[in-house]
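Here's the structure, in structure tokens; my notes come after.
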Amino acid sequence: MTSIVKLSTTGAQLNRPANSRNLLETLEHHQIQIEYQCRSGYCGSCRLRLLKGEVCYSQQPLAFIQPNEILPCCCQPLGDIEIEL
């Protein structure tokens, strides 16, 4: 099942490719550029606000995040989501 990633600032709706391992790869697939460094949840530089929906992590990130924040480098949407971007 394909999930939709909605970007709040533009209203763009992106389909998550089936082979996408994380949200960062989905954004890159659609040529959306965000800041990132580690790709493994260590640094937190890719931190975004999750406005709607849920994500899961294959392993808990080491970077500190607030309850409404996500690290796209190491999370995957659980259905449709909306992010502040």
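Within each chain, counting starts at residue 1; across the structure tokens, chains are named A, B, ... in the order shown, with ligands numbered 1 upward in that order.
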message = Quick one: residues within 10 Å of Arg16 (chain A), only C-alpha atoms, excluding same-chain residues fewer than 4 positions away - as number ranges by chain?
response = A: 1-5, 20-23, 25-27, 29-30, 76-77, 79-80
The selected residues should be written to file as a PDB file, in the first residue's frame (atoms: N, CA, C and O atoms).
ATOM      1  N   MET A   1       0.841  -1.181   0.000  1.00  0.00           N
ATOM      2  CA  MET A   1       0.000   0.000   0.000  1.00  0.00           C
ATOM      3  C   MET A   1       0.890   1.249   0.000  1.00  0.00           C
ATOM      4  O   MET A   1       1.813   1.366   0.781  1.00  0.00           O
ATOM      5  N   THR A   2       0.596   2.182  -0.866  1.00  0.00           N
ATOM      6  CA  THR A   2       1.365   3.410  -0.974  1.00  0.00           C
ATOM      7  C   THR A   2       0.825   4.439   0.003  1.00  0.00           C
ATOM      8  O   THR A   2      -0.379   4.609   0.132  1.00  0.00           O
ATOM      9  N   SER A   3       1.741   5.108   0.691  1.00  0.00           N
ATOM     10  CA  SER A   3       1.308   6.184   1.574  1.00  0.00           C
ATOM     11  C   SER A   3       1.643   7.521   0.934  1.00  0.00           C
ATOM     12  O   SER A   3       2.499   7.620   0.060  1.00  0.00           O
ATOM     13  N   ILE A   4       0.944   8.548   1.380  1.00  0.00           N
ATOM     14  CA  ILE A   4       1.108   9.905   0.870  1.00  0.00           C
ATOM     15  C   ILE A   4       1.822  10.743   1.932  1.00  0.00           C
ATOM     16  O   ILE A   4       1.484  10.681   3.112  1.00  0.00           O
ATOM     17  N   VAL A   5       2.800  11.514   1.494  1.00  0.00           N
ATOM     18  CA  VAL A   5       3.495  12.458   2.358  1.00  0.00           C
ATOM     19  C   VAL A   5       3.088  13.846   1.894  1.00  0.00           C
ATOM     20  O   VAL A   5       3.401  14.245   0.772  1.00  0.00           O
ATOM     21  N   SER A  20      11.399   2.654  -1.035  1.00  0.00           N
ATOM     22  CA  SER A  20      11.960   3.678  -0.160  1.00  0.00           C
ATOM     23  C   SER A  20      12.207   3.101   1.235  1.00  0.00           C
ATOM     24  O   SER A  20      11.290   2.600   1.877  1.00  0.00           O
ATOM     25  N   ARG A  21      13.456   3.176   1.707  1.00  0.00           N
ATOM     26  CA  ARG A  21      13.805   2.626   3.021  1.00  0.00           C
ATOM     27  C   ARG A  21      13.474   3.575   4.164  1.00  0.00           C
ATOM     28  O   ARG A  21      13.376   3.141   5.311  1.00  0.00           O
ATOM     29  N   ASN A  22      13.328   4.867   3.871  1.00  0.00           N
ATOM     30  CA  ASN A  22      13.014   5.837   4.919  1.00  0.00           C
ATOM     31  C   ASN A  22      12.394   7.077   4.273  1.00  0.00           C
ATOM     32  O   ASN A  22      12.351   7.209   3.055  1.00  0.00           O
ATOM     33  N   LEU A  23      11.921   7.980   5.099  1.00  0.00           N
ATOM     34  CA  LEU A  23      11.264   9.182   4.610  1.00  0.00           C
ATOM     35  C   LEU A  23      12.230  10.084   3.849  1.00  0.00           C
ATOM     36  O   LEU A  23      11.851  10.724   2.866  1.00  0.00           O
ATOM     37  N   GLU A  25      14.630   9.184   1.856  1.00  0.00           N
ATOM     38  CA  GLU A  25      14.703   8.663   0.483  1.00  0.00           C
ATOM     39  C   GLU A  25      13.469   9.047  -0.324  1.00  0.00           C
ATOM     40  O   GLU A  25      13.572   9.339  -1.507  1.00  0.00           O
ATOM     41  N   THR A  26      12.306   9.054   0.307  1.00  0.00           N
ATOM     42  CA  THR A  26      11.085   9.471  -0.381  1.00  0.00           C
ATOM     43  C   THR A  26      11.194  10.929  -0.799  1.00  0.00           C
ATOM     44  O   THR A  26      10.877  11.275  -1.939  1.00  0.00           O
ATOM     45  N   LEU A  27      11.655  11.785   0.118  1.00  0.00           N
ATOM     46  CA  LEU A  27      11.811  13.206  -0.207  1.00  0.00           C
ATOM     47  C   LEU A  27      12.826  13.399  -1.327  1.00  0.00           C
ATOM     48  O   LEU A  27      12.601  14.177  -2.256  1.00  0.00           O
ATOM     49  N   HIS A  29      13.631  11.227  -3.636  1.00  0.00           N
ATOM     50  CA  HIS A  29      13.024  10.698  -4.861  1.00  0.00           C
ATOM     51  C   HIS A  29      12.209  11.776  -5.579  1.00  0.00           C
ATOM     52  O   HIS A  29      12.175  11.833  -6.805  1.00  0.00           O
ATOM     53  N   HIS A  30      11.552  12.633  -4.792  1.00  0.00           N
ATOM     54  CA  HIS A  30      10.727  13.712  -5.345  1.00  0.00           C
ATOM     55  C   HIS A  30      11.500  15.029  -5.447  1.00  0.00           C
ATOM     56  O   HIS A  30      10.897  16.078  -5.637  1.00  0.00           O
ATOM     57  N   GLN A  76       9.932   5.702   8.837  1.00  0.00           N
ATOM     58  CA  GLN A  76       9.078   5.304   7.722  1.00  0.00           C
ATOM     59  C   GLN A  76       7.641   5.669   8.098  1.00  0.00           C
ATOM     60  O   GLN A  76       7.220   5.425   9.233  1.00  0.00           O
ATOM     61  N   PRO A  77       6.870   6.262   7.194  1.00  0.00           N
ATOM     62  CA  PRO A  77       5.470   6.574   7.494  1.00  0.00           C
ATOM     63  C   PRO A  77       4.642   5.313   7.734  1.00  0.00           C
ATOM     64  O   PRO A  77       4.847   4.305   7.070  1.00  0.00           O
ATOM     65  N   GLY A  79       1.294   4.864   7.036  1.00  0.00           N
ATOM     66  CA  GLY A  79       0.130   5.449   6.373  1.00  0.00           C
ATOM     67  C   GLY A  79       0.445   6.859   5.920  1.00  0.00           C
ATOM     68  O   GLY A  79       1.607   7.272   5.836  1.00  0.00           O
ATOM     69  N   ASP A  80      -0.609   7.630   5.656  1.00  0.00           N
ATOM     70  CA  ASP A  80      -0.439   9.001   5.186  1.00  0.00           C
ATOM     71  C   ASP A  80       0.036   9.891   6.326  1.00  0.00           C
ATOM     72  O   ASP A  80      -0.408   9.724   7.475  1.00  0.00           O
TER      73      ASP A  80
END
Inset, instruction - Check the DSSP output for the backbone and give back, as a PyMOL selection string, the residues of chain A in strand (DSSP E). - result: chain A and resi 4-7+13-15+48-52+55-57+69-70+75-77+81-83
Just-selected residues, C-alpha atoms written as a short mmCIF file (atom, residue, chain, number, x, y, z; two decimals), in the first residue's frame:
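Below is the file that was written, selection.cif:
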data_model
loop_
_atom_site.label_atom_id
_atom_site.label_comp_id
_atom_site.auth_asym_id
_atom_site.auth_seq_id
_atom_site.Cartn_x
_atom_site.Cartn_y
_atom_site.Cartn_z
CA ILE A 4 1.11 9.91 0.87
CA VAL A 5 3.50 12.46 2.36
CA LYS A 6 1.90 15.92 2.39
CA LEU A 7 4.12 19.01 2.67
CA GLN A 13 1.41 15.39 -1.96
CA LEU A 14 4.18 12.88 -2.58
CA ASN A 15 3.70 9.15 -3.12
CA LEU A 48 11.13 17.93 10.94
CA ARG A 49 7.76 18.54 12.59
CA LEU A 50 5.17 15.82 12.09
CA LEU A 51 1.76 17.50 11.81
CA LYS A 52 -0.45 14.48 11.09
CA VAL A 55 5.97 7.06 11.71
CA CYS A 56 8.00 4.12 12.93
CA TYR A 57 11.73 3.71 13.41
CA GLU A 69 9.38 15.84 15.71
CA ILE A 70 10.71 13.09 13.44
CA CYS A 75 11.78 6.70 9.98
CA GLN A 76 9.08 5.30 7.72
CA PRO A 77 5.47 6.57 7.49
CA ILE A 81 1.43 11.78 7.01
CA GLU A 82 1.77 15.55 6.86
CA ILE A 83 5.09 17.23 7.67
#
task: Enumerate as an NGL selection string all residues of region 13-85 of chain A assigned to alpha helix (DSSP H) by DSSP on the backbone, naming them with the chain letters and numbers the document uses.
output: :A and (23-29)
Expressed in Å, the length from CA of Tyr42 (chain A) to CA of Thr10 (chain A) is 28.5 Å
Contacts of Gln37 (chain A) at 10 Å (only C-alpha atoms; same-chain gap of 5+ positions) as a PyMOL selection string
chain A and resi 42-46+73
Quick one: write out the picked residues with N, CA and C atoms as a compact mmCIF listing (two decimals), in the first residue's frame?
# COMPACT_ATOMS: atom_id res chain seq x y z
N TYR A 42 21.70 9.82 14.25
CA TYR A 42 22.67 10.23 15.27
C TYR A 42 22.72 11.74 15.48
N CYS A 43 22.66 12.51 14.39
CA CYS A 43 22.94 13.95 14.52
C CYS A 43 21.70 14.82 14.69
N GLY A 44 20.57 14.43 14.13
CA GLY A 44 19.35 15.22 14.27
C GLY A 44 19.22 16.39 13.33
N SER A 45 20.14 16.56 12.39
CA SER A 45 20.07 17.73 11.51
C SER A 45 18.90 17.69 10.52
N CYS A 46 18.31 16.54 10.31
CA CYS A 46 17.17 16.43 9.38
C CYS A 46 15.83 16.58 10.09
N CYS A 73 15.61 10.62 8.19
CA CYS A 73 16.69 9.74 7.75
C CYS A 73 16.51 8.31 8.24
What separates CA of Arg47 (chain A) and CA of Ser8 (chain A) is a distance of 15.2 Å
What separates CA of Leu78 (chain A) and CA of Asn19 (chain A) is a distance of 14.8 Å
- [ ] Please identify all polymer residues within 8 Å of Pro61 (chain A), counting only C-alpha atoms, omitting same-chain residues fewer than 5 positions from it, and present them as a list in words.
- [x]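 In the requested form, the answer reads Ser40, Gly41, Tyr42, Leu71 and Cys74 of chain A.
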